[in-house]
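*Asks:* Dumping the structure here so I can ask a few things about it.
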Amino acid sequence: MDNRRQEWLDAIAAAGDEAELRRIDHGLLGKQGVVQELVRGVSSLPAAERPAAGKAANQLKLELQAALDARRAHLQAESLTRELAAPDFDPTEPGPALTQGTLHPITAVQNELVELFTSLGFTWQDGPEIESEHYNFEALNIPADHPARDVQDTFWLQDGTLLRTHTSPVQVRTMRRFRPPLRVIVPGRCFRQETVDASHEHTFFQMEGLVVDRAVSTANLIHTMKTCLRVILRREDLEVRLRPGFFPFVEPGFELDVRCLLCGGAGCKVCKQSGWIEILPCGMVHPNVLRAGGIDPEEYTGFAFGMGLQRVTMLRYGIPDIRYFMGGDLRFLRQFVEV
Amino acid sequence: MKISIRWLQRYVDLSDQRPEQIRDALTMSTAEVEAIHPFAVGLDELVVGHVLTCGRHPDADKLSLTTVDVGQGEPLQIVCGAPNVAQGQRVVVIQVGQELPDGTKIKKTKIRGAVSMGMICSERELGLSEDHDGILVLDKDYTPGITLGRVRPLADHVLEIDNKSINHRPDLWGHYGFARELAAILGRELQPLGAPVAFPNDGARLDLRIEDADACPRYLGVCLSGVKATRSPDWMRYLLHAVGQRSINLLVDLTNFVMLELGQPMHAFDRRRLAGDVVVRRARAGEGMVTLDEQKRELEPSDLLITSGGAPVALAGIMGGLGSMVEPDTNELFLESATFHAATIRRTSTRLGLRTDSSARFEKTLDPAGAELAVHRFVGLLGELCPGAAPAGPLLDPAAWRFTAPEVRLRRSRLDLKLGHVIDDTTVRGILERLEFGVRTTDEGFAVTVPSFRASKDIAIEDDLIEEVGRMFRYDNIPEAPLVGAVLPPHREPELILARDLCRMLALELHAHEVYNYSFVPDRLLEAVGVAALPHSVVANPVAPEVCRMRRHVLPSVLQALGTALRSAPAVCLFEHGKGYHPEVRDADGLPHEVREVALAAAGGPGFDYPALRSGVAGVLRRSGFAVAFDELLGRSDELPWIHPGKTVAITLGATLCGYVGELHPQVAHQLELPRGVALANLDLRQLLRAGASACRFADLPRFPAQPVDVALLVPQGTRVKQCAELLRHAGGKLVRGVELFEVYRGEGLPAGTKSLNFTVTLGADDRTLTGKDEEKFLAKVRERASEVGAELRG
Ligand SMILES: [Zn+2]
């Protein structure tokens, strides 16, 4: 029996995988297994031999069970080690190609602005792109023959309407629709009769902003604009300056400049050597415009701004030419994977 | 507009200010300076030379060979081509190694065999004027070798002002206005202009009459005798040149100089060419005249004229007439200094496409007091520069215009409120007074009187004064403060939010690329897609005549972009969110109806075809709460000729048509050079919202397992999936949990003209597990009723 014991232990030690080990286990300790037979055989022995034989058989059974368990543990550890070794795994091997859609970069910037301003309690509005002379000019304190109309370079339609030259007509439209307090943004498409080149477009995208409430001040405008530019241009340390600017529908009117993001203020081509980039015309709403909107300028004040979305988008992504924005050139479009 | 710093220095001391400091001071308080152009910078380093000898070049008739003492070392041999070079002259010499303002570097050269060690310069070479008739000869015997900067400093910097930023400031269309601003900003003294001239009470006069006082609030005229159209002094010619004004002769230069100084345009007529009374009147129908630029101008009754002896001699405020201009032999002038109605000048100048320095200024609404100031300035300077010239008669001023300074109240409360910052009384008063406002303290703040040069247009209300205070205080010095107010959820516009969400989902779920296209569509495209005959909003002044129409639908632009996109990718899906314009329908304001659309187009085979687009669009709409259905698209072929009539379906929500999805018409594909099988879709957002979104609802989880049953129906081609699905639903009754088509099989093994629609019908019950019997009963029912749709149950 010792011979066979050693034989069995050797077989267990030699088992190459768990399946083979299971077969050996079955052959020895299974219901019909050799060792189970031995255990059963004890009862047929003479009574005097039974205790010793029983003890020996049990011991053998325990010893084999332990050997099986040890071998199984060993094989499992080995197989785990093999699995973890991952032969020929190449970390530089790319996965299958992924097609990703994109939002237009102006949309991405606009979405972010809308999110920021709606979080500040602004309502997101839109207005007609084909506008009346009244809303585009007169209601904004730009009467006929006003020199500012030259600057606007309006596209006129044959029926006497026009393509809005800014998003500002929505100021008065909104004043008429809602009562103060008003916090409004109006991103949208505008048009001016300009020759297209690297920095000019006849179709452009603007975001109007309007706040009307009791005691809205220039100090509030500065804070709101700085917050907005810091978020959209992703620069906590953004430096801005506010200087006079003339627009008939605000009084006082301002231009807001940011420190040139490219040269840091030293002067470069983008900032025309001035170190500053003009980014946001804005101002305190002119009393005549409030009146046109049916609001008493003695009771309420407000500020308004008009941000050029192409400009901001170009600054944010480093796009050098405004003409890239229009049309279906995928080489441009698919670069902007952020949504 | 160009402003010369050297010119400004005539009125305010800026000697300690670098050009950049002046630029920043003006930009932050007055008007935007777009650029600084150096003028004659570097010339100050050049030296004065003394021409020691001057002889003929041995091998060139027109060249002189000179030796020039430049103060150090041996005299230089210089070849000179100027006719006026002569021995003994003091001249400006540029030596080997130095650079001209235009960047030309001077080298040692050999000209026809003679060595030349530099150049004797003309004014044009030095960049001082257009004059290239000869070299610049200095008028004093300066020591050779002394730098030009020591004896005749010329270096200047010219500020380029953004015209837009001074459109509302008639006082800033001349140097004196900018000097006044700088004096106020820097707290310095502003030099007064010369003393007023005494005009004689009698003498030569032309009768002067203003027929239209609204169009001409003031007209001053005076006859001047003893004038000579000589060359202007160097200082004046250089200043004019620095700001881009050509020098002509003293008389013309003086009108330009005063205009660029005070912003007041004037006109000098040759007195000899004026036939009689001077009358300011509107043009008569059919009248015409030839302007200084030798153009014949047809006039209209809205145009304002200066006439003499009944005939037009000037287009008021815009340009003089050809016949009465100053000639080289002019010895008597009639000088005009007037104020014209801005809109009148603007209308005529716009109509004739004739914009001049003069009309640009009158359009700004000039101060009538400036007209008088300018006459005095002109006559005063003329007396200095042209000995013998003097007024020959009285200064005529028939309008008898009188200025009463308006008083505008400035309330302390409103000032503080609008700026959001309290500026003390002394500062406010100081700012206004330096700008020449009169300030009186009142109970509520200040009463401010407006000087005439700010009263014509610029300053009318309290808020205008707040701007004055704010800009001179510098807005940058106002500390920022966050908005305060009630915290309320902002009003939401469902259409805008839906558009944003759909675009995001199309990019994420359909892997589509968003494009932007112009709202103007080229005629070529309209013809290619077949809608050229439909009504379009038409731009009267388009960028190009063939791109004048506004799109009715977004989709054709997307198709055009698709052609471009396919150059960079074999398969692609594009979309655009935008508006279509329908002029035949008008809203309450009379504006064309605008329809917000999201249009898609895809090409490139499986995944970019009609079935993929249809499923994709349905999925994206479902995410927004629109459980849309697809149905036959009826009667849209006129409006949408680009769709394939047999392969396009309507997207519907209940009874509302919300869009379509299908294939591009093969004929249009051919026209646009697009491949066959382009898939397209369009969504009308307002229609979707009108039909209404529905929120997701929970359905209890089934307690007993569902049983899928595959059903293959052999049907004649042309049979609709919808009919068969309905049949299956009926057959299963309340046990049906779902009917899904998983395959349409056409081809081998089927009788000709048929196809097999293979469905999975999911059966289930709430109270028990179904058995084989239930399935058999269902299939028996299907078999029995299949003929209703011409079908036959297979297998
Ligand atoms: Zn820069």
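Numbering starts fresh at 1 for the residues of each chain in the structure tokens, the chains themselves are lettered A, B, ... in the order given, and ligands are numbered from 1 as they appear.
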Taking only C-alpha atoms into account, report as a ChimeraX atom specification which residues of chain B lie within 7 Å of chain A.
*Replies:* /B:27-31,165,167,343,363,417-420,463-464,467,471,475-476,478-483,488-493,504,507-508,510-518,537-543,561-562,564-565,568,591
*Asks:* Going by DSSP on the backbone, which residues of range 89-200 of chain B come out as alpha helix (DSSP H)? List them as a PyMOL selection string.
*Replies:* chain B and resi 148-151+175-186
*Asks:* Counting only C-alpha atoms and all ligand atoms, name the residues that have an atom within 12 Å of an atom of ligand 1; the answer should be given as a PyMOL selection string.
*Replies:* chain A and resi 257-278+315
*Asks:* Would you kindly return, as an MDAnalysis selection string, each protein, DNA or RNA residue with an atom no farther than 9 Å from any atom of range 193-195 of chain B, considering only C-alpha atoms and excluding same-chain residues fewer than 2 positions away?
*Replies:* chainID B and resid 11 176 191 197 376:377 380:381
*Asks:* Using all heavy atoms, can you write the selected residues to a file as a PDB file, in the first residue's frame?
*Replies:*
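Writing done, so here's selection.pdb:
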ATOM      1  N   TYR B  11      -0.390 123.465 -29.432  1.00  0.00           N
ATOM      2  CA  TYR B  11      -1.438 123.939 -28.507  1.00  0.00           C
ATOM      3  C   TYR B  11      -1.274 123.414 -27.078  1.00  0.00           C
ATOM      4  O   TYR B  11      -1.879 123.931 -26.156  1.00  0.00           O
ATOM      5  CB  TYR B  11      -2.821 123.528 -29.015  1.00  0.00           C
ATOM      6  CG  TYR B  11      -2.960 123.594 -30.513  1.00  0.00           C
ATOM      7  CD1 TYR B  11      -3.102 122.449 -31.284  1.00  0.00           C
ATOM      8  CD2 TYR B  11      -2.902 124.839 -31.171  1.00  0.00           C
ATOM      9  CE1 TYR B  11      -3.206 122.524 -32.659  1.00  0.00           C
ATOM     10  CE2 TYR B  11      -2.999 124.905 -32.554  1.00  0.00           C
ATOM     11  CZ  TYR B  11      -3.151 123.743 -33.296  1.00  0.00           C
ATOM     12  OH  TYR B  11      -3.232 123.807 -34.648  1.00  0.00           O
ATOM     13  N   TYR B 176      -7.079 120.646 -32.837  1.00  0.00           N
ATOM     14  CA  TYR B 176      -7.294 121.460 -31.642  1.00  0.00           C
ATOM     15  C   TYR B 176      -8.178 120.725 -30.627  1.00  0.00           C
ATOM     16  O   TYR B 176      -7.962 120.798 -29.425  1.00  0.00           O
ATOM     17  CB  TYR B 176      -7.914 122.818 -32.024  1.00  0.00           C
ATOM     18  CG  TYR B 176      -7.758 123.856 -30.930  1.00  0.00           C
ATOM     19  CD1 TYR B 176      -6.503 124.369 -30.608  1.00  0.00           C
ATOM     20  CD2 TYR B 176      -8.866 124.304 -30.217  1.00  0.00           C
ATOM     21  CE1 TYR B 176      -6.360 125.314 -29.606  1.00  0.00           C
ATOM     22  CE2 TYR B 176      -8.725 125.252 -29.204  1.00  0.00           C
ATOM     23  CZ  TYR B 176      -7.467 125.757 -28.909  1.00  0.00           C
ATOM     24  OH  TYR B 176      -7.320 126.685 -27.912  1.00  0.00           O
ATOM     25  N   GLN B 191      -3.147 126.162 -25.199  1.00  0.00           N
ATOM     26  CA  GLN B 191      -2.808 127.461 -25.785  1.00  0.00           C
ATOM     27  C   GLN B 191      -3.982 127.982 -26.598  1.00  0.00           C
ATOM     28  O   GLN B 191      -4.568 127.239 -27.376  1.00  0.00           O
ATOM     29  CB  GLN B 191      -1.603 127.314 -26.737  1.00  0.00           C
ATOM     30  CG  GLN B 191      -0.324 126.882 -26.057  1.00  0.00           C
ATOM     31  CD  GLN B 191       0.097 127.865 -24.981  1.00  0.00           C
ATOM     32  OE1 GLN B 191       0.040 129.087 -25.190  1.00  0.00           O
ATOM     33  NE2 GLN B 191       0.487 127.353 -23.814  1.00  0.00           N
ATOM     34  N   VAL B 197      -9.427 138.666 -35.855  1.00  0.00           N
ATOM     35  CA  VAL B 197      -9.013 139.645 -36.869  1.00  0.00           C
ATOM     36  C   VAL B 197     -10.054 140.766 -36.892  1.00  0.00           C
ATOM     37  O   VAL B 197     -11.246 140.520 -36.703  1.00  0.00           O
ATOM     38  CB  VAL B 197      -8.962 138.954 -38.252  1.00  0.00           C
ATOM     39  CG1 VAL B 197      -8.681 139.953 -39.360  1.00  0.00           C
ATOM     40  CG2 VAL B 197      -7.939 137.821 -38.241  1.00  0.00           C
ATOM     41  N   HIS B 376     -11.522 133.715 -38.807  1.00  0.00           N
ATOM     42  CA  HIS B 376     -10.492 134.508 -38.136  1.00  0.00           C
ATOM     43  C   HIS B 376      -9.140 133.819 -38.211  1.00  0.00           C
ATOM     44  O   HIS B 376      -8.107 134.454 -38.442  1.00  0.00           O
ATOM     45  CB  HIS B 376     -10.895 134.761 -36.678  1.00  0.00           C
ATOM     46  CG  HIS B 376     -11.996 135.770 -36.543  1.00  0.00           C
ATOM     47  ND1 HIS B 376     -11.769 137.113 -36.479  1.00  0.00           N
ATOM     48  CD2 HIS B 376     -13.351 135.615 -36.513  1.00  0.00           C
ATOM     49  CE1 HIS B 376     -12.930 137.754 -36.380  1.00  0.00           C
ATOM     50  NE2 HIS B 376     -13.907 136.860 -36.412  1.00  0.00           N
ATOM     51  N   ARG B 377      -9.160 132.524 -38.025  1.00  0.00           N
ATOM     52  CA  ARG B 377      -7.913 131.776 -38.049  1.00  0.00           C
ATOM     53  C   ARG B 377      -7.278 131.845 -39.443  1.00  0.00           C
ATOM     54  O   ARG B 377      -6.086 132.107 -39.590  1.00  0.00           O
ATOM     55  CB  ARG B 377      -8.233 130.320 -37.676  1.00  0.00           C
ATOM     56  CG  ARG B 377      -7.033 129.450 -37.487  1.00  0.00           C
ATOM     57  CD  ARG B 377      -6.221 129.847 -36.277  1.00  0.00           C
ATOM     58  NE  ARG B 377      -5.101 128.939 -36.103  1.00  0.00           N
ATOM     59  CZ  ARG B 377      -3.935 129.286 -35.596  1.00  0.00           C
ATOM     60  NH1 ARG B 377      -3.725 130.533 -35.206  1.00  0.00           N
ATOM     61  NH2 ARG B 377      -2.979 128.406 -35.466  1.00  0.00           N
ATOM     62  N   GLY B 380      -6.069 135.427 -40.183  1.00  0.00           N
ATOM     63  CA  GLY B 380      -4.911 135.720 -39.350  1.00  0.00           C
ATOM     64  C   GLY B 380      -3.649 135.060 -39.897  1.00  0.00           C
ATOM     65  O   GLY B 380      -2.600 135.710 -40.049  1.00  0.00           O
ATOM     66  N   LEU B 381      -3.736 133.766 -40.220  1.00  0.00           N
ATOM     67  CA  LEU B 381      -2.577 133.045 -40.751  1.00  0.00           C
ATOM     68  C   LEU B 381      -2.171 133.594 -42.112  1.00  0.00           C
ATOM     69  O   LEU B 381      -0.985 133.735 -42.410  1.00  0.00           O
ATOM     70  CB  LEU B 381      -2.885 131.547 -40.863  1.00  0.00           C
ATOM     71  CG  LEU B 381      -2.853 130.764 -39.553  1.00  0.00           C
ATOM     72  CD1 LEU B 381      -3.422 129.360 -39.775  1.00  0.00           C
ATOM     73  CD2 LEU B 381      -1.428 130.666 -39.005  1.00  0.00           C
TER      74      LEU B 381
END
*Asks:* Do you know which residues are at most 10 Å from Pro320 in chain A counting only C-alpha atoms, after dropping those on the same chain fewer than 4 positions away, and could you put them as JSON, numbers by chain?
*Replies:* {"A": [198, 199, 270, 311, 314, 315, 324]}
*Asks:* Do you know which residues are at most 9 Å from range 706-718 of chain B counting only C-alpha atoms, after dropping those on the same chain fewer than 4 positions away, and could you put them as a ChimeraX atom specification?
*Replies:* /B:702,724,728,737,750,752-765,769-771,775,779,782,786,789-795
*Asks:* What does the distance between CA of Leu534 in chain B and CA of Pro187 in chain A come to in Å, to one decimal place?
*Replies:* 29.8 Å
*Asks:* Just how far from CA of Gly616 in chain B is CA of Cys573 in chain B, in Å to one decimal?
*Replies:*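 Separation between CA of Cys573 in chain B and CA of Gly616 in chain B: 11.1 Å.
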